[in-house]
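Next up, work.cif (mmCIF, C-alpha atoms, pLDDT in the B column; chains and numbers go by the auth columns):
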data_run
#
loop_
_atom_site.group_PDB
_atom_site.id
_atom_site.type_symbol
_atom_site.label_atom_id
_atom_site.label_comp_id
_atom_site.label_asym_id
_atom_site.label_seq_id
_atom_site.Cartn_x
_atom_site.Cartn_y
_atom_site.Cartn_z
_atom_site.B_iso_or_equiv
_atom_site.auth_seq_id
_atom_site.auth_asym_id
ATOM 1 C CA MET A 1 -1.310 -5.718 -30.916 38.00 1 A
ATOM 2 C CA GLY A 2 1.125 -5.757 -28.003 44.00 2 A
ATOM 3 C CA GLY A 3 0.634 -4.736 -24.417 48.00 3 A
ATOM 4 C CA HIS A 4 1.450 -5.733 -20.895 49.00 4 A
ATOM 5 C CA PRO A 5 0.727 -9.308 -19.847 50.00 5 A
ATOM 6 C CA LEU A 6 -1.557 -9.678 -16.875 53.00 6 A
ATOM 7 C CA MET A 7 0.203 -9.782 -13.552 59.00 7 A
ATOM 8 C CA ALA A 8 0.278 -13.095 -11.692 70.00 8 A
ATOM 9 C CA ALA A 9 -1.497 -13.295 -8.342 79.00 9 A
ATOM 10 C CA PRO A 10 0.703 -11.470 -5.821 87.00 10 A
ATOM 11 C CA ARG A 11 3.040 -13.512 -3.652 95.00 11 A
ATOM 12 C CA ARG A 12 3.501 -10.660 -1.188 97.00 12 A
ATOM 13 C CA VAL A 13 1.535 -7.456 -0.672 98.00 13 A
ATOM 14 C CA CYS A 14 2.776 -4.355 1.122 98.00 14 A
ATOM 15 C CA VAL A 15 0.146 -2.801 3.396 98.00 15 A
ATOM 16 C CA PHE A 16 0.463 0.816 4.512 98.00 16 A
ATOM 17 C CA CYS A 17 -1.422 1.483 7.751 97.00 17 A
ATOM 18 C CA GLY A 18 -1.266 3.443 10.981 95.00 18 A
ATOM 19 C CA SER A 19 0.792 3.405 14.140 93.00 19 A
ATOM 20 C CA SER A 20 -2.475 4.551 15.764 96.00 20 A
ATOM 21 C CA MET A 21 -5.825 2.768 15.925 97.00 21 A
ATOM 22 C CA GLY A 22 -8.048 5.673 14.845 96.00 22 A
ATOM 23 C CA PHE A 23 -11.306 6.491 16.595 97.00 23 A
ATOM 24 C CA ASP A 24 -13.584 4.157 14.615 97.00 24 A
ATOM 25 C CA SER A 25 -13.389 0.499 15.652 97.00 25 A
ATOM 26 C CA ARG A 26 -13.878 -0.499 11.999 98.00 26 A
ATOM 27 C CA TYR A 27 -10.286 0.503 11.231 98.00 27 A
ATOM 28 C CA ALA A 28 -8.821 -2.147 13.530 98.00 28 A
ATOM 29 C CA GLU A 29 -11.485 -4.649 12.454 98.00 29 A
ATOM 30 C CA GLU A 30 -10.549 -4.176 8.796 98.00 30 A
ATOM 31 C CA ALA A 31 -6.826 -4.480 9.585 98.00 31 A
ATOM 32 C CA ARG A 32 -7.520 -7.743 11.409 98.00 32 A
ATOM 33 C CA ALA A 33 -9.686 -9.035 8.550 98.00 33 A
ATOM 34 C CA LEU A 34 -7.063 -8.110 5.948 98.00 34 A
ATOM 35 C CA GLY A 35 -4.270 -9.866 7.839 98.00 35 A
ATOM 36 C CA THR A 36 -6.407 -13.008 8.030 98.00 36 A
ATOM 37 C CA LEU A 37 -7.402 -12.705 4.356 98.00 37 A
ATOM 38 C CA LEU A 38 -3.807 -12.423 3.148 98.00 38 A
ATOM 39 C CA ALA A 39 -2.768 -15.479 5.152 98.00 39 A
ATOM 40 C CA SER A 40 -5.776 -17.478 3.909 97.00 40 A
ATOM 41 C CA ARG A 41 -4.746 -16.734 0.315 96.00 41 A
ATOM 42 C CA GLY A 42 -1.113 -17.621 0.936 97.00 42 A
ATOM 43 C CA ILE A 43 -0.051 -14.016 0.347 97.00 43 A
ATOM 44 C CA GLY A 44 2.779 -12.722 2.517 98.00 44 A
ATOM 45 C CA LEU A 45 2.328 -9.420 4.335 98.00 45 A
ATOM 46 C CA VAL A 46 5.012 -6.749 4.070 98.00 46 A
ATOM 47 C CA TYR A 47 4.498 -3.789 6.407 97.00 47 A
ATOM 48 C CA GLY A 48 6.247 -1.236 8.589 95.00 48 A
ATOM 49 C CA GLY A 49 7.356 -3.662 11.292 94.00 49 A
ATOM 50 C CA ALA A 50 5.638 -2.132 14.342 92.00 50 A
ATOM 51 C CA SER A 51 3.588 -3.807 17.053 93.00 51 A
ATOM 52 C CA VAL A 52 1.387 -0.757 17.700 93.00 52 A
ATOM 53 C CA GLY A 53 -1.708 0.683 16.013 96.00 53 A
ATOM 54 C CA THR A 54 -3.340 -1.000 13.042 98.00 54 A
ATOM 55 C CA MET A 55 0.164 -2.059 12.013 96.00 55 A
ATOM 56 C CA GLY A 56 0.307 -4.383 15.006 96.00 56 A
ATOM 57 C CA VAL A 57 -3.266 -5.565 14.456 98.00 57 A
ATOM 58 C CA ILE A 58 -2.707 -6.662 10.854 98.00 58 A
ATOM 59 C CA ALA A 59 0.594 -8.368 11.678 98.00 59 A
ATOM 60 C CA ASP A 60 -0.884 -10.263 14.643 97.00 60 A
ATOM 61 C CA ALA A 61 -3.871 -11.399 12.581 98.00 61 A
ATOM 62 C CA ALA A 62 -1.738 -12.631 9.684 98.00 62 A
ATOM 63 C CA LEU A 63 0.600 -14.479 12.056 98.00 63 A
ATOM 64 C CA ALA A 64 -2.323 -16.029 13.953 98.00 64 A
ATOM 65 C CA ALA A 65 -3.683 -17.337 10.641 98.00 65 A
ATOM 66 C CA GLY A 66 -0.327 -18.908 9.759 98.00 66 A
ATOM 67 C CA GLY A 67 0.791 -16.243 7.293 97.00 67 A
ATOM 68 C CA GLU A 68 4.220 -14.912 6.417 98.00 68 A
ATOM 69 C CA VAL A 69 4.806 -11.432 7.876 98.00 69 A
ATOM 70 C CA ILE A 70 7.842 -9.343 6.949 98.00 70 A
ATOM 71 C CA GLY A 71 8.432 -6.062 8.773 97.00 71 A
ATOM 72 C CA VAL A 72 10.741 -3.226 7.775 96.00 72 A
ATOM 73 C CA ILE A 73 11.523 -0.608 10.402 93.00 73 A
ATOM 74 C CA PRO A 74 14.123 2.171 10.671 91.00 74 A
ATOM 75 C CA GLU A 75 16.533 2.017 13.599 87.00 75 A
ATOM 76 C CA ALA A 76 15.238 5.310 14.999 83.00 76 A
ATOM 77 C CA LEU A 77 11.651 4.021 15.148 78.00 77 A
ATOM 78 C CA GLY A 78 12.437 0.604 16.574 67.00 78 A
ATOM 79 C CA SER A 79 11.759 1.772 20.114 64.00 79 A
ATOM 80 C CA VAL A 80 9.146 4.459 19.324 59.00 80 A
ATOM 81 C CA GLU A 81 6.931 2.193 17.213 60.00 81 A
ATOM 82 C CA ILE A 82 8.003 -0.827 19.271 86.00 82 A
ATOM 83 C CA ALA A 83 9.326 -3.253 16.677 84.00 83 A
ATOM 84 C CA HIS A 84 7.252 -6.431 16.505 88.00 84 A
ATOM 85 C CA ALA A 85 9.199 -9.307 18.030 87.00 85 A
ATOM 86 C CA GLY A 86 7.256 -12.224 16.546 90.00 86 A
ATOM 87 C CA LEU A 87 7.533 -11.692 12.799 95.00 87 A
ATOM 88 C CA THR A 88 8.681 -14.146 10.138 95.00 88 A
ATOM 89 C CA GLU A 89 11.384 -11.595 9.247 95.00 89 A
ATOM 90 C CA LEU A 90 12.226 -8.134 10.579 94.00 90 A
ATOM 91 C CA HIS A 91 14.508 -5.888 8.536 94.00 91 A
ATOM 92 C CA VAL A 92 16.026 -2.993 10.501 92.00 92 A
ATOM 93 C CA VAL A 93 17.146 -0.280 8.083 94.00 93 A
ATOM 94 C CA ALA A 94 18.927 3.054 8.445 92.00 94 A
ATOM 95 C CA ASP A 95 16.095 5.469 7.631 91.00 95 A
ATOM 96 C CA MET A 96 12.616 6.038 6.202 91.00 96 A
ATOM 97 C CA HIS A 97 13.888 6.155 2.615 93.00 97 A
ATOM 98 C CA GLN A 98 15.436 2.699 2.949 95.00 98 A
ATOM 99 C CA ARG A 99 12.287 1.453 4.670 94.00 99 A
ATOM 100 C CA LYS A 100 10.043 2.425 1.753 95.00 100 A
ATOM 101 C CA ALA A 101 12.452 1.114 -0.869 95.00 101 A
ATOM 102 C CA LYS A 102 12.822 -2.222 0.929 97.00 102 A
ATOM 103 C CA MET A 103 9.065 -2.626 1.425 97.00 103 A
ATOM 104 C CA ALA A 104 8.473 -1.898 -2.261 96.00 104 A
ATOM 105 C CA ALA A 105 11.201 -4.277 -3.409 97.00 105 A
ATOM 106 C CA LEU A 106 9.749 -7.128 -1.329 97.00 106 A
ATOM 107 C CA SER A 107 6.183 -6.640 -2.613 97.00 107 A
ATOM 108 C CA ASP A 108 4.123 -7.423 -5.713 96.00 108 A
ATOM 109 C CA GLY A 109 1.440 -4.821 -4.939 97.00 109 A
ATOM 110 C CA PHE A 110 0.353 -2.227 -2.396 98.00 110 A
ATOM 111 C CA LEU A 111 -2.732 -1.708 -0.244 98.00 111 A
ATOM 112 C CA ALA A 112 -3.401 1.301 1.968 98.00 112 A
ATOM 113 C CA LEU A 113 -5.636 0.974 4.999 98.00 113 A
ATOM 114 C CA PRO A 114 -6.791 4.175 6.721 98.00 114 A
ATOM 115 C CA GLY A 115 -3.858 5.984 8.318 97.00 115 A
ATOM 116 C CA GLY A 116 -2.234 9.348 8.875 96.00 116 A
ATOM 117 C CA ALA A 117 0.417 11.436 7.155 96.00 117 A
ATOM 118 C CA GLY A 118 2.950 8.597 7.115 94.00 118 A
ATOM 119 C CA THR A 119 0.502 6.250 5.421 96.00 119 A
ATOM 120 C CA LEU A 120 -0.285 8.892 2.801 97.00 120 A
ATOM 121 C CA GLU A 121 3.395 9.653 2.269 95.00 121 A
ATOM 122 C CA GLU A 122 4.102 5.963 1.579 96.00 122 A
ATOM 123 C CA LEU A 123 1.064 5.734 -0.704 97.00 123 A
ATOM 124 C CA PHE A 124 1.943 8.851 -2.677 97.00 124 A
ATOM 125 C CA GLU A 125 5.536 7.717 -3.155 96.00 125 A
ATOM 126 C CA VAL A 126 4.625 4.345 -4.681 97.00 126 A
ATOM 127 C CA TRP A 127 1.918 6.054 -6.773 97.00 127 A
ATOM 128 C CA THR A 128 4.494 8.549 -8.071 96.00 128 A
ATOM 129 C CA TRP A 129 6.955 5.741 -8.794 95.00 129 A
ATOM 130 C CA ALA A 130 4.238 4.002 -10.820 95.00 130 A
ATOM 131 C CA GLN A 131 3.616 7.177 -12.839 93.00 131 A
ATOM 132 C CA LEU A 132 7.326 7.408 -13.591 92.00 132 A
ATOM 133 C CA GLY A 133 7.429 3.781 -14.715 91.00 133 A
ATOM 134 C CA LEU A 134 9.700 2.743 -11.848 92.00 134 A
ATOM 135 C CA HIS A 135 7.370 -0.162 -11.065 94.00 135 A
ATOM 136 C CA GLU A 136 4.282 -1.748 -12.631 93.00 136 A
ATOM 137 C CA LYS A 137 2.652 -2.992 -9.429 96.00 137 A
ATOM 138 C CA PRO A 138 -1.017 -2.422 -8.535 97.00 138 A
ATOM 139 C CA ILE A 139 -2.079 0.002 -5.795 98.00 139 A
ATOM 140 C CA GLY A 140 -5.335 -0.276 -3.871 98.00 140 A
ATOM 141 C CA LEU A 141 -7.089 1.796 -1.222 98.00 141 A
ATOM 142 C CA VAL A 142 -9.153 -0.116 1.332 98.00 142 A
ATOM 143 C CA ASP A 143 -11.958 2.402 1.767 98.00 143 A
ATOM 144 C CA VAL A 144 -13.209 1.685 5.280 98.00 144 A
ATOM 145 C CA GLY A 145 -16.323 3.753 5.951 97.00 145 A
ATOM 146 C CA GLY A 146 -15.559 6.137 3.080 97.00 146 A
ATOM 147 C CA TYR A 147 -12.199 7.129 4.607 98.00 147 A
ATOM 148 C CA TYR A 148 -10.507 7.653 1.239 98.00 148 A
ATOM 149 C CA ALA A 149 -13.413 9.395 -0.521 96.00 149 A
ATOM 150 C CA PRO A 150 -11.966 12.913 0.133 97.00 150 A
ATOM 151 C CA LEU A 151 -8.583 11.830 -1.249 97.00 151 A
ATOM 152 C CA LEU A 152 -10.170 10.484 -4.431 95.00 152 A
ATOM 153 C CA LYS A 153 -12.151 13.703 -4.786 97.00 153 A
ATOM 154 C CA PHE A 154 -8.891 15.632 -4.563 97.00 154 A
ATOM 155 C CA ALA A 155 -7.264 13.324 -7.121 97.00 155 A
ATOM 156 C CA ASP A 156 -10.162 14.100 -9.465 97.00 156 A
ATOM 157 C CA HIS A 157 -9.525 17.797 -8.767 98.00 157 A
ATOM 158 C CA MET A 158 -5.869 17.343 -9.787 97.00 158 A
ATOM 159 C CA VAL A 159 -7.093 15.812 -13.059 97.00 159 A
ATOM 160 C CA SER A 160 -9.582 18.621 -13.719 97.00 160 A
ATOM 161 C CA GLU A 161 -6.886 21.233 -13.036 98.00 161 A
ATOM 162 C CA GLY A 162 -4.405 19.607 -15.421 97.00 162 A
ATOM 163 C CA PHE A 163 -1.824 18.359 -12.909 97.00 163 A
ATOM 164 C CA LEU A 164 -2.618 14.648 -13.219 95.00 164 A
ATOM 165 C CA SER A 165 -3.741 12.576 -16.182 93.00 165 A
ATOM 166 C CA ALA A 166 -6.881 10.485 -15.834 93.00 166 A
ATOM 167 C CA GLY A 167 -4.804 7.388 -16.583 92.00 167 A
ATOM 168 C CA TYR A 168 -2.568 8.030 -13.603 94.00 168 A
ATOM 169 C CA ARG A 169 -5.581 8.771 -11.410 94.00 169 A
ATOM 170 C CA ASP A 170 -6.914 5.362 -12.416 93.00 170 A
ATOM 171 C CA MET A 171 -3.758 3.670 -11.116 94.00 171 A
ATOM 172 C CA LEU A 172 -5.431 3.867 -7.699 95.00 172 A
ATOM 173 C CA SER A 173 -8.074 1.189 -7.230 95.00 173 A
ATOM 174 C CA ILE A 174 -10.527 1.809 -4.422 96.00 174 A
ATOM 175 C CA ASP A 175 -12.990 -0.558 -2.762 97.00 175 A
ATOM 176 C CA SER A 176 -14.384 -1.145 0.705 97.00 176 A
ATOM 177 C CA ASP A 177 -13.774 -4.871 0.089 97.00 177 A
ATOM 178 C CA ALA A 178 -10.088 -5.803 0.324 97.00 178 A
ATOM 179 C CA SER A 179 -10.829 -9.179 -1.248 97.00 179 A
ATOM 180 C CA ALA A 180 -12.118 -7.445 -4.393 97.00 180 A
ATOM 181 C CA LEU A 181 -8.981 -5.310 -4.539 97.00 181 A
ATOM 182 C CA LEU A 182 -6.770 -8.404 -4.332 96.00 182 A
ATOM 183 C CA ASP A 183 -8.823 -10.086 -7.065 95.00 183 A
ATOM 184 C CA GLY A 184 -8.245 -7.010 -9.229 94.00 184 A
ATOM 185 C CA PHE A 185 -4.489 -7.140 -8.672 94.00 185 A
ATOM 186 C CA ALA A 186 -4.235 -10.236 -10.885 88.00 186 A
ATOM 187 C CA ASP A 187 -5.938 -8.304 -13.723 88.00 187 A
ATOM 188 C CA TYR A 188 -3.932 -5.106 -13.325 90.00 188 A
ATOM 189 C CA VAL A 189 -2.427 -3.696 -16.508 86.00 189 A
ATOM 190 C CA PRO A 190 -0.271 -0.572 -16.066 84.00 190 A
ATOM 191 C CA PRO A 191 -0.659 2.391 -18.414 77.00 191 A
ATOM 192 C CA PRO A 192 1.086 1.856 -21.769 72.00 192 A
ATOM 193 C CA ARG A 193 4.024 4.174 -21.138 63.00 193 A
ATOM 194 C CA PRO A 194 5.574 6.029 -18.216 57.00 194 A
ATOM 195 C CA LYS A 195 5.301 9.728 -17.466 58.00 195 A
ATOM 196 C CA TRP A 196 7.510 11.928 -19.676 56.00 196 A
ATOM 197 C CA ALA A 197 7.940 9.173 -22.292 51.00 197 A
ATOM 198 C CA LYS A 198 8.170 10.589 -25.824 48.00 198 A
#

I need this file expressed as structure tokens, please.
Amino acid sequence: MGGHPLMAAPRRVCVFCGSSMGFDSRYAEEARALGTLLASRGIGLVYGGASVGTMGVIADAALAAGGEVIGVIPEALGSVEIAHAGLTELHVVADMHQRKAKMAALSDGFLALPGGAGTLEELFEVWTWAQLGLHEKPIGLVDVGGYYAPLLKFADHMVSEGFLSAGYRDMLSIDSDASALLDGFADYVPPPRPKWAK
């Protein structure tokens, strides 16, 4: 019986996170811990390229731990989000569409820390791409203090209302422990066929 081979351990992981810190200090603490964790595992960080918010925290932590950090930032946000000057690589692209495509192309998997509308927009795009079979990369939610519980409840609602299959809902892994999510990435097997396949 055929099937997808297990994915190798990721070489680079894209992390979606905020240009703000959030009100709970655990959000910055988790960003710092994740940056350190990625570097300790020899996994490069791909992120939005800013020096502010939890984006800056995770980049600084990964760099301080000797990790590779690749930022991707649109020209228009370079001054607003204050592009990080100390990265391993910084790609300046034309717009948000190019930013997301470049981040995805550079990465072997995706993690979302708590964040706002931009974080969710990035998350939902790579989740949709996975449903369409445009990539077969794992997606994880780092559930700091239950931040993503309402989103998962809504995803279950989409399933119960017939707008999302349970298999596609299960493409999102969720755990408060980022290390467990990364461990699961190596075992990730995408659904057997993409959305709309006959």

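Nearest residue to Arg12 of chain A among A:Ala105, A:Ala85, A:Ala50, A:Leu172 is A:Ala105, counting all atoms listed in the file.
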
- Message: Applying the PyMOL selection byres ((chain A and resi 38) around 12) to the file I just gave you, which residues come out? Please list them as a PyMOL selection string.
- Response: chain A and resi 9-15+31-37+39-46+58-59+61-69+111+178-179+181-183

- Message: What's around Val92 of chain A at 8 Å? Count only C-alpha atoms, leave out sequence neighbours fewer than 5 positions away in its own chain, and write the answer as a PyMOL selection string.
- Response: chain A and resi 72-75+78

- If you count all atoms listed in the file, which residues fall within 10 Å of segment 125-130 of chain A, apart from same-chain ones fewer than 3 positions away, as a PyMOL selection string? chain A and resi 100-101+104+109-110+120-122+133-139+168-169+171-172+190-191+194-195

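Residues in contact range of Ser19 of chain A, defined as at most 8 Å between only C-alpha atoms, with sequence neighbours fewer than 3 positions away removed, read A:Ala50, A:Val52, A:Gly53, A:Thr54, A:Met55, A:Gly56, A:Glu81, A:Gly115.
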
List as a PDB file with C-alpha atoms, in the frame of the given file the protein and nucleic acid residues near Gly71 of chain A, meaning an atom at most 6 Å away when all atoms listed in the file are counted, but skip any in the same chain fewer than 4 places from it.
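And here is the file that came out, part.pdb:
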ATOM      1  CA  VAL A  46       5.012  -6.749   4.070  1.00 98.00           C
ATOM      2  CA  TYR A  47       4.498  -3.789   6.407  1.00 97.00           C
ATOM      3  CA  GLY A  48       6.247  -1.236   8.589  1.00 95.00           C
ATOM      4  CA  GLY A  49       7.356  -3.662  11.292  1.00 94.00           C
ATOM      5  CA  LEU A  90      12.226  -8.134  10.579  1.00 94.00           C
TER       6      LEU A  90
END

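For the residues A:Met158, A:Ala186, A:Val57, A:Leu106, ranking by smallest atom-to-atom distance to Met21 of chain A using all atoms listed in the file places A:Val57 first.
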